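S.K.: Got a file for you: structure.cif, mmCIF, C-alpha atoms.
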```
data_input
#
loop_
_atom_site.label_atom_id
_atom_site.label_comp_id
_atom_site.auth_asym_id
_atom_site.auth_seq_id
_atom_site.Cartn_x
_atom_site.Cartn_y
_atom_site.Cartn_z
CA MET A 1 12.40 -4.51 -3.83
CA SER A 2 13.06 -5.68 -0.27
CA THR A 3 15.96 -4.68 1.93
CA THR A 4 16.86 -6.14 5.30
CA ALA A 5 18.94 -4.41 7.95
CA SER A 6 19.26 -6.48 11.13
CA LYS A 7 15.65 -7.37 12.01
CA ARG A 8 14.01 -4.69 9.92
CA ILE A 9 12.59 -5.55 6.50
CA GLU A 10 11.68 -2.77 4.08
CA SER A 11 9.50 -3.48 1.06
CA ARG A 12 8.76 -0.94 -1.65
CA ILE A 13 7.81 -1.07 -5.28
CA LEU A 14 9.18 1.94 -7.17
CA PRO A 15 8.82 2.73 -10.89
CA ALA A 16 11.91 1.52 -12.76
CA PRO A 17 14.19 4.31 -13.99
CA GLY A 18 14.78 4.90 -17.68
CA CYS A 19 11.27 4.22 -19.00
CA THR A 20 9.37 6.75 -21.11
CA SER A 21 5.94 5.76 -19.76
CA PRO A 22 5.14 5.92 -16.01
CA THR A 23 2.74 2.97 -16.39
CA VAL A 24 5.41 0.87 -18.05
CA ALA A 25 7.98 1.93 -15.44
CA LEU A 26 5.78 0.49 -12.69
CA LYS A 27 5.16 -2.73 -14.62
CA VAL A 28 8.90 -3.11 -15.25
CA ALA A 29 9.46 -2.79 -11.50
CA GLU A 30 6.89 -5.54 -10.91
CA ILE A 31 8.48 -7.79 -13.54
CA ALA A 32 11.92 -7.18 -11.99
CA ASP A 33 10.57 -8.10 -8.54
CA VAL A 34 9.05 -11.38 -9.73
CA HIS A 35 12.27 -12.17 -11.66
CA ALA A 36 14.22 -11.59 -8.44
CA GLN A 37 11.88 -13.94 -6.56
CA LEU A 38 12.29 -16.53 -9.30
CA ARG A 39 16.10 -16.26 -9.21
CA ALA A 40 16.06 -16.61 -5.42
CA ALA A 41 13.73 -19.62 -5.58
CA ILE A 42 16.08 -21.65 -7.79
CA ARG A 43 19.32 -20.54 -6.11
CA GLY A 44 21.38 -23.49 -4.87
CA LEU A 45 19.29 -26.20 -6.54
CA PRO A 46 21.26 -29.08 -8.11
CA PRO A 47 20.58 -30.21 -11.71
CA ALA A 48 18.51 -33.16 -10.42
CA ALA A 49 16.02 -30.76 -8.80
CA PHE A 50 15.33 -29.03 -12.12
CA ALA A 51 14.45 -32.37 -13.76
CA TRP A 52 12.48 -33.92 -10.86
CA GLN A 53 8.81 -34.88 -11.34
CA PRO A 54 6.63 -35.41 -8.25
CA ALA A 55 4.38 -37.67 -10.30
CA PRO A 56 4.12 -38.78 -13.92
CA ARG A 57 2.68 -36.15 -16.25
CA THR A 58 3.72 -33.20 -14.08
CA ASN A 59 5.94 -30.29 -15.02
CA THR A 60 9.44 -29.97 -13.60
CA ILE A 61 11.04 -26.86 -12.10
CA GLY A 62 13.26 -26.64 -15.17
CA MET A 63 10.25 -26.74 -17.49
CA LEU A 64 8.54 -23.96 -15.53
CA VAL A 65 11.57 -21.67 -15.65
CA ALA A 66 12.06 -22.29 -19.37
CA HIS A 67 8.33 -21.73 -19.94
CA VAL A 68 8.11 -18.35 -18.20
CA ALA A 69 11.26 -17.17 -20.01
CA LEU A 70 9.97 -18.30 -23.41
CA ALA A 71 6.49 -16.85 -22.82
CA GLU A 72 7.84 -13.48 -21.73
CA VAL A 73 10.31 -13.15 -24.60
CA ASN A 74 7.70 -14.23 -27.15
CA LEU A 75 5.12 -11.81 -25.75
CA ALA A 76 7.62 -8.96 -25.79
CA GLN A 77 8.44 -9.69 -29.43
CA VAL A 78 4.93 -10.13 -30.83
CA VAL A 79 3.01 -7.64 -28.66
CA LEU A 80 5.29 -5.05 -27.05
CA LEU A 81 7.47 -4.75 -30.17
CA ALA A 82 4.64 -5.77 -32.56
CA GLU A 83 7.00 -7.99 -34.57
CA PRO A 84 5.25 -10.25 -37.12
CA ARG A 85 6.47 -13.44 -35.42
CA GLY A 86 8.35 -14.49 -32.32
CA HIS A 87 11.99 -15.51 -32.54
CA THR A 88 12.88 -16.75 -29.06
CA PRO A 89 16.00 -18.71 -30.21
CA ASP A 90 17.71 -15.37 -30.96
CA VAL A 91 17.40 -14.43 -27.28
CA LEU A 92 17.30 -17.70 -25.35
CA GLY A 93 18.67 -20.33 -27.73
CA LEU A 94 15.37 -22.20 -27.25
CA THR A 95 12.25 -22.54 -29.38
CA THR A 96 8.78 -22.13 -27.86
CA ASP A 97 8.42 -25.94 -27.95
CA ASP A 98 11.55 -26.51 -25.85
CA ASP A 99 9.78 -26.07 -22.49
CA GLY A 100 7.89 -29.30 -23.28
CA MET A 101 4.58 -27.74 -22.22
CA PRO A 102 1.83 -28.73 -22.19
CA ILE A 103 3.47 -31.96 -21.08
CA GLU A 104 0.63 -34.15 -22.46
CA LYS A 105 1.51 -32.91 -25.95
CA TYR A 106 5.12 -34.07 -25.62
CA GLY A 107 4.77 -37.62 -24.35
CA SER A 108 4.24 -36.70 -20.66
CA THR A 109 7.98 -36.60 -19.94
CA PRO A 110 10.31 -33.60 -19.52
CA PRO A 111 11.97 -32.40 -22.75
CA ALA A 112 15.40 -33.83 -23.62
CA VAL A 113 16.73 -30.37 -24.42
CA LEU A 114 16.52 -29.45 -20.70
CA ALA A 115 17.97 -32.72 -19.38
CA GLY A 116 20.99 -32.25 -17.11
CA LYS A 117 20.88 -28.44 -17.27
CA ASP A 118 22.23 -26.75 -14.15
CA GLU A 119 21.29 -23.69 -12.15
CA ALA A 120 23.60 -21.43 -14.19
CA PHE A 121 21.70 -22.34 -17.35
CA PHE A 122 18.32 -21.47 -15.82
CA GLN A 123 19.62 -18.29 -14.14
CA SER A 124 20.96 -17.16 -17.50
CA LEU A 125 17.53 -17.72 -19.09
CA ILE A 126 16.00 -15.33 -16.56
CA GLU A 127 18.78 -12.76 -17.04
CA LYS A 128 18.48 -12.83 -20.83
CA THR A 129 14.70 -12.55 -20.59
CA GLU A 130 14.91 -9.58 -18.26
CA ALA A 131 17.36 -7.72 -20.49
CA HIS A 132 15.14 -8.37 -23.52
CA THR A 133 11.93 -7.26 -21.78
CA PHE A 134 13.46 -4.11 -20.35
CA ALA A 135 14.87 -3.13 -23.73
CA ALA A 136 11.42 -3.63 -25.28
CA CYS A 137 9.78 -1.52 -22.56
CA ARG A 138 12.20 1.38 -22.36
CA THR A 139 10.87 3.43 -25.28
CA LEU A 140 7.19 2.46 -25.06
CA ARG A 141 5.02 5.55 -24.79
CA GLU A 142 1.85 5.85 -22.73
CA GLU A 143 -0.32 6.30 -25.85
CA GLN A 144 0.96 3.00 -27.32
CA LEU A 145 -0.37 0.88 -24.47
CA GLY A 146 -3.92 0.62 -25.80
CA ASP A 147 -2.93 -0.07 -29.43
CA GLU A 148 -4.54 -3.18 -30.89
CA ILE A 149 -1.98 -5.76 -31.99
CA ALA A 150 -3.67 -8.37 -34.21
CA ARG A 151 -1.93 -11.72 -34.62
CA PRO A 152 -2.04 -13.69 -37.89
CA PRO A 153 -5.18 -15.84 -38.33
CA ARG A 154 -5.18 -19.42 -37.01
CA PRO A 155 -6.12 -22.36 -39.26
CA ASP A 156 -9.78 -22.03 -38.17
CA GLY A 157 -9.86 -18.38 -39.23
CA SER A 158 -9.95 -16.97 -35.70
CA TYR A 159 -7.31 -14.56 -34.58
CA ARG A 160 -6.20 -12.89 -31.38
CA VAL A 161 -6.01 -9.21 -30.65
CA PHE A 162 -3.89 -7.93 -27.77
CA ASP A 163 -3.08 -4.59 -26.28
CA ARG A 164 0.23 -3.85 -24.62
CA ARG A 165 -1.41 -3.21 -21.25
CA TRP A 166 -2.68 -6.77 -21.25
CA ALA A 167 0.75 -8.08 -22.29
CA LEU A 168 2.45 -6.33 -19.38
CA HIS A 169 -0.24 -7.52 -16.96
CA HIS A 170 0.01 -11.06 -18.30
CA MET A 171 3.80 -11.11 -17.94
CA VAL A 172 3.43 -10.45 -14.21
CA GLU A 173 0.49 -12.73 -13.42
CA HIS A 174 1.70 -15.59 -15.61
CA MET A 175 5.16 -15.58 -14.07
CA ALA A 176 3.72 -15.23 -10.53
CA GLN A 177 1.41 -18.22 -11.11
CA HIS A 178 4.26 -20.44 -12.22
CA LEU A 179 6.47 -19.13 -9.41
CA GLY A 180 3.78 -20.27 -6.96
CA GLN A 181 3.86 -23.72 -8.55
CA LEU A 182 7.65 -23.76 -8.46
CA HIS A 183 7.58 -23.16 -4.70
CA VAL A 184 5.31 -26.20 -4.25
CA LEU A 185 7.55 -28.39 -6.45
CA LYS A 186 10.65 -27.24 -4.59
CA ARG A 187 9.10 -28.13 -1.21
CA GLN A 188 8.04 -31.52 -2.54
CA TRP A 189 11.51 -32.16 -4.01
CA LYS A 190 13.15 -31.27 -0.68
CA ALA A 191 10.77 -33.55 1.21
CA ALA A 192 11.57 -36.41 -1.18
CA GLN A 193 15.33 -36.22 -0.52
CA PRO A 194 16.89 -38.77 1.85
CA ALA A 195 17.38 -37.37 5.36
CA GLY A 196 20.86 -36.21 6.33
CA MET B 1 -17.62 -15.63 -42.70
CA ALA B 2 -15.28 -13.28 -40.91
CA GLY B 3 -12.90 -14.92 -38.40
CA ARG B 4 -13.75 -14.99 -34.74
CA ILE B 5 -11.74 -12.44 -32.76
CA GLU B 6 -10.40 -13.15 -29.32
CA THR B 7 -9.58 -9.81 -27.74
CA LEU B 8 -7.22 -9.63 -24.78
CA ALA B 9 -7.20 -6.11 -23.47
CA PHE B 10 -6.58 -4.81 -19.97
CA LYS B 11 -8.25 -1.69 -18.70
CA ALA B 12 -8.53 -0.43 -15.18
CA ALA B 13 -11.66 1.29 -13.89
CA ALA B 14 -11.53 5.00 -13.19
CA GLY B 15 -10.18 6.12 -9.86
CA ARG B 16 -8.06 8.85 -8.35
CA SER B 17 -4.86 6.82 -8.84
CA ALA B 18 -4.37 4.93 -12.11
CA ALA B 19 -1.73 2.72 -10.47
CA ALA B 20 -4.03 1.70 -7.59
CA MET B 21 -6.84 0.93 -10.02
CA THR B 22 -4.47 -1.17 -12.17
CA TRP B 23 -3.65 -3.38 -9.19
CA LEU B 24 -7.38 -3.68 -8.49
CA ALA B 25 -7.90 -4.69 -12.13
CA HIS B 26 -5.20 -7.36 -11.71
CA LEU B 27 -7.08 -8.80 -8.72
CA ASP B 28 -10.45 -8.66 -10.52
CA ASP B 29 -9.01 -10.29 -13.65
CA GLN B 30 -7.46 -13.15 -11.68
CA THR B 31 -10.62 -13.65 -9.58
CA LYS B 32 -12.77 -13.87 -12.69
CA LEU B 33 -10.47 -16.43 -14.31
CA LEU B 34 -10.17 -18.41 -11.07
CA ALA B 35 -13.97 -18.55 -10.70
CA LYS B 36 -14.24 -19.89 -14.24
CA ASP B 37 -11.48 -22.46 -13.67
CA LEU B 38 -13.15 -23.73 -10.50
CA GLU B 39 -16.82 -23.53 -11.47
CA ASP B 40 -17.20 -27.34 -11.36
CA ILE B 41 -15.06 -28.04 -8.28
CA THR B 42 -16.63 -30.20 -5.56
CA PRO B 43 -16.30 -29.87 -1.76
CA ALA B 44 -14.31 -33.16 -1.82
CA GLU B 45 -11.74 -31.68 -4.18
CA LEU B 46 -11.64 -28.40 -2.23
CA GLN B 47 -10.58 -30.25 0.91
CA TRP B 48 -8.30 -32.80 -0.78
CA GLN B 49 -4.71 -32.83 0.45
CA PRO B 50 -2.07 -34.20 -1.95
CA LYS B 51 -0.22 -35.28 1.20
CA ARG B 52 -0.04 -34.37 4.89
CA GLY B 53 1.37 -30.91 5.45
CA MET B 54 0.27 -29.62 2.05
CA ASN B 55 -2.38 -26.95 1.58
CA THR B 56 -5.79 -27.75 0.10
CA ILE B 57 -7.48 -25.62 -2.55
CA GLY B 58 -10.04 -24.55 0.06
CA MET B 59 -7.29 -23.37 2.41
CA LEU B 60 -5.66 -21.37 -0.38
CA LEU B 61 -8.97 -19.73 -1.32
CA ALA B 62 -9.67 -18.73 2.29
CA HIS B 63 -6.08 -17.49 2.54
CA LEU B 64 -6.53 -15.24 -0.50
CA ALA B 65 -9.57 -13.55 1.06
CA ILE B 66 -7.97 -13.18 4.50
CA VAL B 67 -4.64 -11.83 3.22
CA GLU B 68 -6.34 -9.21 1.05
CA VAL B 69 -8.41 -7.89 3.94
CA PHE B 70 -5.47 -8.11 6.34
CA TRP B 71 -3.12 -6.00 4.19
CA LEU B 72 -5.77 -3.38 3.48
CA HIS B 73 -6.34 -3.16 7.24
CA VAL B 74 -2.58 -2.65 7.67
CA ALA B 75 -2.71 0.07 5.01
CA GLU B 76 -5.59 1.75 6.81
CA GLY B 77 -3.97 1.39 10.22
CA HIS B 78 -6.53 -0.88 11.89
CA ALA B 79 -5.29 -4.45 11.51
CA THR B 80 -6.84 -6.22 14.48
CA GLU B 81 -8.40 -9.65 14.88
CA ALA B 82 -11.74 -8.04 15.75
CA ASN B 83 -11.70 -6.02 12.54
CA MET B 84 -10.88 -9.10 10.49
CA ARG B 85 -13.91 -10.89 11.91
CA LYS B 86 -16.07 -7.82 11.38
CA SER B 87 -14.92 -7.42 7.77
CA LEU B 88 -14.88 -11.03 6.63
CA GLY B 89 -16.69 -13.06 9.29
CA VAL B 90 -13.65 -15.31 9.80
CA GLY B 91 -10.44 -15.09 11.84
CA THR B 92 -6.93 -14.42 10.51
CA ASP B 93 -5.88 -18.01 11.27
CA ASP B 94 -8.98 -19.73 9.90
CA ASP B 95 -7.21 -20.66 6.65
CA GLY B 96 -5.06 -23.05 8.71
CA MET B 97 -1.89 -21.67 7.14
CA PRO B 98 0.95 -22.24 7.56
CA LEU B 99 0.36 -25.95 8.12
CA PRO B 100 2.89 -27.86 10.23
CA PRO B 101 4.86 -30.54 8.30
CA ALA B 102 2.32 -33.32 8.93
CA GLY B 103 -0.68 -31.03 9.39
CA THR B 104 -4.22 -31.61 8.18
CA PRO B 105 -6.72 -29.00 6.93
CA PRO B 106 -8.66 -26.96 9.52
CA ARG B 107 -11.99 -28.52 10.47
CA GLY B 108 -13.79 -25.22 9.98
CA LEU B 109 -13.36 -25.51 6.21
CA SER B 110 -14.60 -29.08 6.01
CA GLY B 111 -17.34 -29.69 3.42
CA LEU B 112 -17.67 -26.07 2.31
CA PRO B 113 -18.64 -25.48 -1.34
CA PHE B 114 -16.79 -23.22 -3.77
CA LYS B 115 -19.60 -20.66 -3.48
CA TYR B 116 -18.60 -20.08 0.14
CA TYR B 117 -15.01 -19.25 -0.82
CA LEU B 118 -15.98 -17.09 -3.77
CA ASN B 119 -18.36 -15.10 -1.55
CA LEU B 120 -15.55 -14.67 0.97
CA ILE B 121 -13.18 -13.31 -1.69
CA GLN B 122 -15.87 -11.05 -3.13
CA ARG B 123 -16.82 -9.74 0.30
CA GLY B 124 -13.22 -8.71 0.89
CA ARG B 125 -12.92 -7.31 -2.63
CA ARG B 126 -15.84 -4.95 -2.15
CA GLN B 127 -13.93 -3.36 0.73
CA THR B 128 -10.71 -3.32 -1.30
CA ARG B 129 -12.49 -1.57 -4.18
CA ARG B 130 -13.99 1.07 -1.92
CA ILE B 131 -10.63 1.83 -0.29
CA LEU B 132 -8.56 1.83 -3.50
CA LYS B 133 -10.94 4.17 -5.30
CA GLY B 134 -10.07 6.81 -2.72
CA TYR B 135 -6.30 6.53 -3.00
CA ARG B 136 -4.33 9.21 -4.83
CA ASP B 137 -0.88 8.58 -6.33
CA VAL B 138 0.69 10.49 -3.47
CA ASP B 139 -0.91 8.08 -0.96
CA LEU B 140 0.88 5.13 -2.55
CA ALA B 141 4.29 6.39 -1.43
CA ARG B 142 3.18 6.40 2.22
CA SER B 143 4.96 3.84 4.40
CA ILE B 144 3.65 1.86 7.34
CA THR B 145 5.82 0.29 10.01
CA ARG B 146 4.48 -2.81 11.71
CA THR B 147 5.76 -5.57 13.95
CA ARG B 148 5.28 -9.13 12.75
CA ARG B 149 4.34 -11.99 15.06
CA ASN B 150 8.00 -13.08 15.17
CA GLY B 151 9.05 -9.65 16.43
CA GLN B 152 10.49 -8.52 13.14
CA ARG B 153 9.92 -4.87 12.33
CA GLN B 154 8.63 -4.33 8.82
CA ARG B 155 8.29 -1.12 6.88
CA VAL B 156 6.11 -1.36 3.79
CA SER B 157 4.85 1.20 1.31
CA LEU B 158 1.23 1.31 0.22
CA SER B 159 2.29 0.65 -3.37
CA TRP B 160 4.15 -2.48 -2.25
CA ILE B 161 1.05 -3.71 -0.40
CA LEU B 162 -1.10 -3.36 -3.51
CA TYR B 163 1.53 -4.94 -5.76
CA HIS B 164 2.06 -7.75 -3.26
CA LEU B 165 -1.68 -8.51 -3.12
CA ALA B 166 -1.70 -8.83 -6.92
CA GLU B 167 1.32 -11.14 -7.24
CA HIS B 168 0.35 -13.08 -4.10
CA PHE B 169 -3.09 -13.78 -5.56
CA SER B 170 -1.56 -14.99 -8.83
CA GLY B 171 1.01 -17.15 -7.04
CA HIS B 172 -1.62 -19.06 -5.08
CA TYR B 173 -3.86 -19.23 -8.15
CA GLY B 174 -1.02 -21.10 -9.88
CA GLN B 175 -0.77 -23.47 -6.92
CA ILE B 176 -4.52 -24.10 -7.04
CA LEU B 177 -4.20 -25.11 -10.69
CA LEU B 178 -1.32 -27.43 -9.80
CA ILE B 179 -3.33 -29.12 -7.01
CA ARG B 180 -6.28 -29.52 -9.44
CA HIS B 181 -3.93 -31.20 -11.89
CA LEU B 182 -2.66 -33.58 -9.17
CA TYR B 183 -6.22 -34.33 -7.99
CA ARG B 184 -7.45 -35.14 -11.49
CA ASP B 185 -4.36 -37.21 -12.21
CA ARG B 186 -4.76 -39.14 -8.94
CA ASN B 187 -8.46 -39.73 -9.61
CA GLY B 188 -8.13 -40.71 -13.26
CA LYS B 189 -9.79 -37.57 -14.62
CA ALA B 190 -6.79 -36.13 -16.46
#
```
As structure tokens - that is how I would like this structure written.
M.R.:
Amino acid sequence: MSTTASKRIESRILPAPGCTSPTVALKVAEIADVHAQLRAAIRGLPPAAFAWQPAPRTNTIGMLVAHVALAEVNLAQVVLLAEPRGHTPDVLGLTTDDDGMPIEKYGSTPPAVLAGKDEAFFQSLIEKTEAHTFAACRTLREEQLGDEIARPPRPDGSYRVFDRRWALHHMVEHMAQHLGQLHVLKRQWKAAQPAG
Amino acid sequence: MAGRIETLAFKAAAGRSAAAMTWLAHLDDQTKLLAKDLEDITPAELQWQPKRGMNTIGMLLAHLAIVEVFWLHVAEGHATEANMRKSLGVGTDDDGMPLPPAGTPPRGLSGLPFKYYLNLIQRGRRQTRRILKGYRDVDLARSITRTRRNGQRQRVSLSWILYHLAEHFSGHYGQILLIRHLYRDRNGKA
């Protein structure tokens, strides 16, 4: 959380209210801060900016926003809530394939489902994700954070085991990584626009 | 044969403040993954600029080390240029950031191998670890007021500094991966 009064900037990170676990409350505050940075980063961008590629085979800003929303909702469902499978369409109206990532798997072009989408669409993805994550976090207890959540086996017989601490950590670092990339894409998009 | 298990767990080392140690664990986790992602990177790729005015991977790596040491010095109340050089052996501006619009990478980073940057980050991290182990939860609420180079007054809490270091590290890590992707794509290695 940052506040600005005249030339003074104040930055604090405070545990979010309403959480049962103090650890979760701090992680929720971190997630909220990165969401706020993400919302600010896309504010004012036209639809063309969300679909712009700096080079062939690169992700767009729209793909990155959809990806972080889908990843966070899916992780909340299968790890924080320990549901047997993710169901992102119920929250976002998008499947986990709709971000078009990794782009090489989807013909190296942005997904059609995101074509022409405007800022309001992407802002709403972040808002819906935040509401879903916070609801999943609210009742988590401290002693649940180290529980092992085993996912169903993959075709090769291997399977993944998560704990909720990792899921909360991953939500923050994964979103921050893609936010960093989004900043680079936004600068490149601005530089590519005709002067004036 | 039983299936292979991939375990993704996250545990902070013991310390006086669990929150401080969790932020340290975030930094250690990201550093470990970054080192693995860049284990085969060459000096040429480290100093490659996608275009004038854009950061190189080498600049971002130096920046990560410098920023971590800088903010811990702010937290400890002794952020001076002399202390930066004493702690890390480089100056605050030696990452060359921020680059002007048509800027090129700083000459001081020319030709350096990844080992140099990793050592720089690890040198800073040893100091971070020592300081964070001593923090108690009550210390994290302490605020520091500082004046930025542009004259702006800034009041930051210790908890914000530690959180910021974690998300800042991840943000630039993401950019490093993006520049790697562009480099490989440009050089036909995708």
S.K.: To one decimal place, how far is atom CA of B:Gln175 from atom CA of A:Gly180 in Å?
M.R.: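 Atom-to-atom, atom CA of B:Gln175 to atom CA of A:Gly180, that is 5.6 Å.
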S.K.: For a test of reading the model, state the distance in Å between atom CA of A:Arg85 and atom CA of A:Val172, rounded to one decimal.
M.R.: 21.6 Å
S.K.: Between B:Ser87, B:Thr31, B:Ser17, B:Thr56, single out the one closest to B:Gln127, counting all atoms listed in the file.
M.R.: B:Ser87
S.K.: Please identify every residue of chain A that has at least one atom no more than 9 Å from any atom of chain B, counting all atoms listed in the file, and report them as an mmCIF file with C-alpha atoms, keeping the file's coordinate frame.
M.R.:
```cif
data_model
loop_
_atom_site.group_PDB
_atom_site.id
_atom_site.type_symbol
_atom_site.label_atom_id
_atom_site.label_comp_id
_atom_site.auth_asym_id
_atom_site.auth_seq_id
_atom_site.Cartn_x
_atom_site.Cartn_y
_atom_site.Cartn_z
ATOM 1 C CA MET A 1 12.400 -4.510 -3.830
ATOM 2 C CA LYS A 7 15.650 -7.370 12.010
ATOM 3 C CA ARG A 8 14.010 -4.690 9.920
ATOM 4 C CA ILE A 9 12.590 -5.550 6.500
ATOM 5 C CA GLU A 10 11.680 -2.770 4.080
ATOM 6 C CA SER A 11 9.500 -3.480 1.060
ATOM 7 C CA ARG A 12 8.760 -0.940 -1.650
ATOM 8 C CA ILE A 13 7.810 -1.070 -5.280
ATOM 9 C CA LEU A 14 9.180 1.940 -7.170
ATOM 10 C CA THR A 23 2.740 2.970 -16.390
ATOM 11 C CA LEU A 26 5.780 0.490 -12.690
ATOM 12 C CA GLU A 30 6.890 -5.540 -10.910
ATOM 13 C CA VAL A 34 9.050 -11.380 -9.730
ATOM 14 C CA ALA A 55 4.380 -37.670 -10.300
ATOM 15 C CA PRO A 56 4.120 -38.780 -13.920
ATOM 16 C CA ARG A 57 2.680 -36.150 -16.250
ATOM 17 C CA THR A 58 3.720 -33.200 -14.080
ATOM 18 C CA GLY A 146 -3.920 0.620 -25.800
ATOM 19 C CA GLU A 148 -4.540 -3.180 -30.890
ATOM 20 C CA ALA A 150 -3.670 -8.370 -34.210
ATOM 21 C CA PRO A 153 -5.180 -15.840 -38.330
ATOM 22 C CA ASP A 156 -9.780 -22.030 -38.170
ATOM 23 C CA GLY A 157 -9.860 -18.380 -39.230
ATOM 24 C CA SER A 158 -9.950 -16.970 -35.700
ATOM 25 C CA TYR A 159 -7.310 -14.560 -34.580
ATOM 26 C CA ARG A 160 -6.200 -12.890 -31.380
ATOM 27 C CA VAL A 161 -6.010 -9.210 -30.650
ATOM 28 C CA PHE A 162 -3.890 -7.930 -27.770
ATOM 29 C CA ASP A 163 -3.080 -4.590 -26.280
ATOM 30 C CA ARG A 164 0.230 -3.850 -24.620
ATOM 31 C CA ARG A 165 -1.410 -3.210 -21.250
ATOM 32 C CA TRP A 166 -2.680 -6.770 -21.250
ATOM 33 C CA ALA A 167 0.750 -8.080 -22.290
ATOM 34 C CA HIS A 169 -0.240 -7.520 -16.960
ATOM 35 C CA VAL A 172 3.430 -10.450 -14.210
ATOM 36 C CA GLU A 173 0.490 -12.730 -13.420
ATOM 37 C CA HIS A 174 1.700 -15.590 -15.610
ATOM 38 C CA MET A 175 5.160 -15.580 -14.070
ATOM 39 C CA ALA A 176 3.720 -15.230 -10.530
ATOM 40 C CA GLN A 177 1.410 -18.220 -11.110
ATOM 41 C CA HIS A 178 4.260 -20.440 -12.220
ATOM 42 C CA LEU A 179 6.470 -19.130 -9.410
ATOM 43 C CA GLY A 180 3.780 -20.270 -6.960
ATOM 44 C CA GLN A 181 3.860 -23.720 -8.550
ATOM 45 C CA LEU A 182 7.650 -23.760 -8.460
ATOM 46 C CA HIS A 183 7.580 -23.160 -4.700
ATOM 47 C CA VAL A 184 5.310 -26.200 -4.250
#
```
S.K.: When you look at A:Trp189 with a cut-off of 8 Å (counting only C-alpha atoms), what residues show up, excluding the ones that are within fewer than 3 positions of it in the same chain? I need them as JSON, numbers by chain.
M.R.: {"A": [49, 52, 54, 185, 186, 192, 193]}
S.K.: A:Gln77, A:Gln37, A:Gln123, A:Ser21: which is nearest A:Glu143, counting only C-alpha atoms?
M.R.: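 Among the listed residues, the smallest separation from A:Glu143 belongs to A:Ser21.
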S.K.: Separation of atom CA of B:Ala44 and atom CA of B:Pro98, in Å?
M.R.: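 Calculated distance between atom CA of B:Ala44 and atom CA of B:Pro98 is 21.0 Å.
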S.K.: Applying the PyMOL selection byres ((chain B and resi 95) around 12) to the file I just gave you, which residues come out? Please list them as a PyMOL selection string.
M.R.: chain B and resi 47+55-67+90-94+96-99+104-110+117+120
S.K.: Would you export the selected residues with C-alpha atoms as a tab-separated table (two decimals), in the frame of the given file, please?
M.R.:
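Written file, selection-v3.tsv:
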```
chain	number	residue	atom	x	y	z
B	47	GLN	CA	-10.58	-30.25	0.91
B	55	ASN	CA	-2.38	-26.95	1.58
B	56	THR	CA	-5.79	-27.75	0.10
B	57	ILE	CA	-7.48	-25.62	-2.55
B	58	GLY	CA	-10.04	-24.55	0.06
B	59	MET	CA	-7.29	-23.37	2.41
B	60	LEU	CA	-5.66	-21.37	-0.38
B	61	LEU	CA	-8.97	-19.73	-1.32
B	62	ALA	CA	-9.67	-18.73	2.29
B	63	HIS	CA	-6.08	-17.49	2.54
B	64	LEU	CA	-6.53	-15.24	-0.50
B	65	ALA	CA	-9.57	-13.55	1.06
B	66	ILE	CA	-7.97	-13.18	4.50
B	67	VAL	CA	-4.64	-11.83	3.22
B	90	VAL	CA	-13.65	-15.31	9.80
B	91	GLY	CA	-10.44	-15.09	11.84
B	92	THR	CA	-6.93	-14.42	10.51
B	93	ASP	CA	-5.88	-18.01	11.27
B	94	ASP	CA	-8.98	-19.73	9.90
B	96	GLY	CA	-5.06	-23.05	8.71
B	97	MET	CA	-1.89	-21.67	7.14
B	98	PRO	CA	0.95	-22.24	7.56
B	99	LEU	CA	0.36	-25.95	8.12
B	104	THR	CA	-4.22	-31.61	8.18
B	105	PRO	CA	-6.72	-29.00	6.93
B	106	PRO	CA	-8.66	-26.96	9.52
B	107	ARG	CA	-11.99	-28.52	10.47
B	108	GLY	CA	-13.79	-25.22	9.98
B	109	LEU	CA	-13.36	-25.51	6.21
B	110	SER	CA	-14.60	-29.08	6.01
B	117	TYR	CA	-15.01	-19.25	-0.82
B	120	LEU	CA	-15.55	-14.67	0.97
```
S.K.: On this file, the PyMOL selection byres ((chain A and resi 100-109) around 7) gives some set of residues; write that set as a list in words.
M.R.: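 On this input, the PyMOL selection byres ((chain A and resi 100-109) around 7) captures Arg57, Asn59, Met63, Asp97, Asp98, Asp99, Pro110 and Pro111 of chain A.
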S.K.: On this file, the PyMOL selection byres ((chain A and resi 139) around 8) gives some set of residues; write that set as a PyMOL selection string.
M.R.: chain A and resi 19-21+135-138+140-141
S.K.: Select, from A:Ala195, A:Val28, A:Ala48, A:Leu94, the residue with the minimum atom-to-atom distance to A:Val73, counting all atoms listed in the file.
M.R.: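 Using all atoms listed in the file, A:Val73 sits closest to A:Leu94.
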S.K.: Considering all atoms listed in the file, can you say which of A:Pro194, A:Val24, A:Ala51, A:Arg43 comes closest to A:Ala112?
M.R.: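 Closest to A:Ala112, using all atoms listed in the file: A:Ala51.
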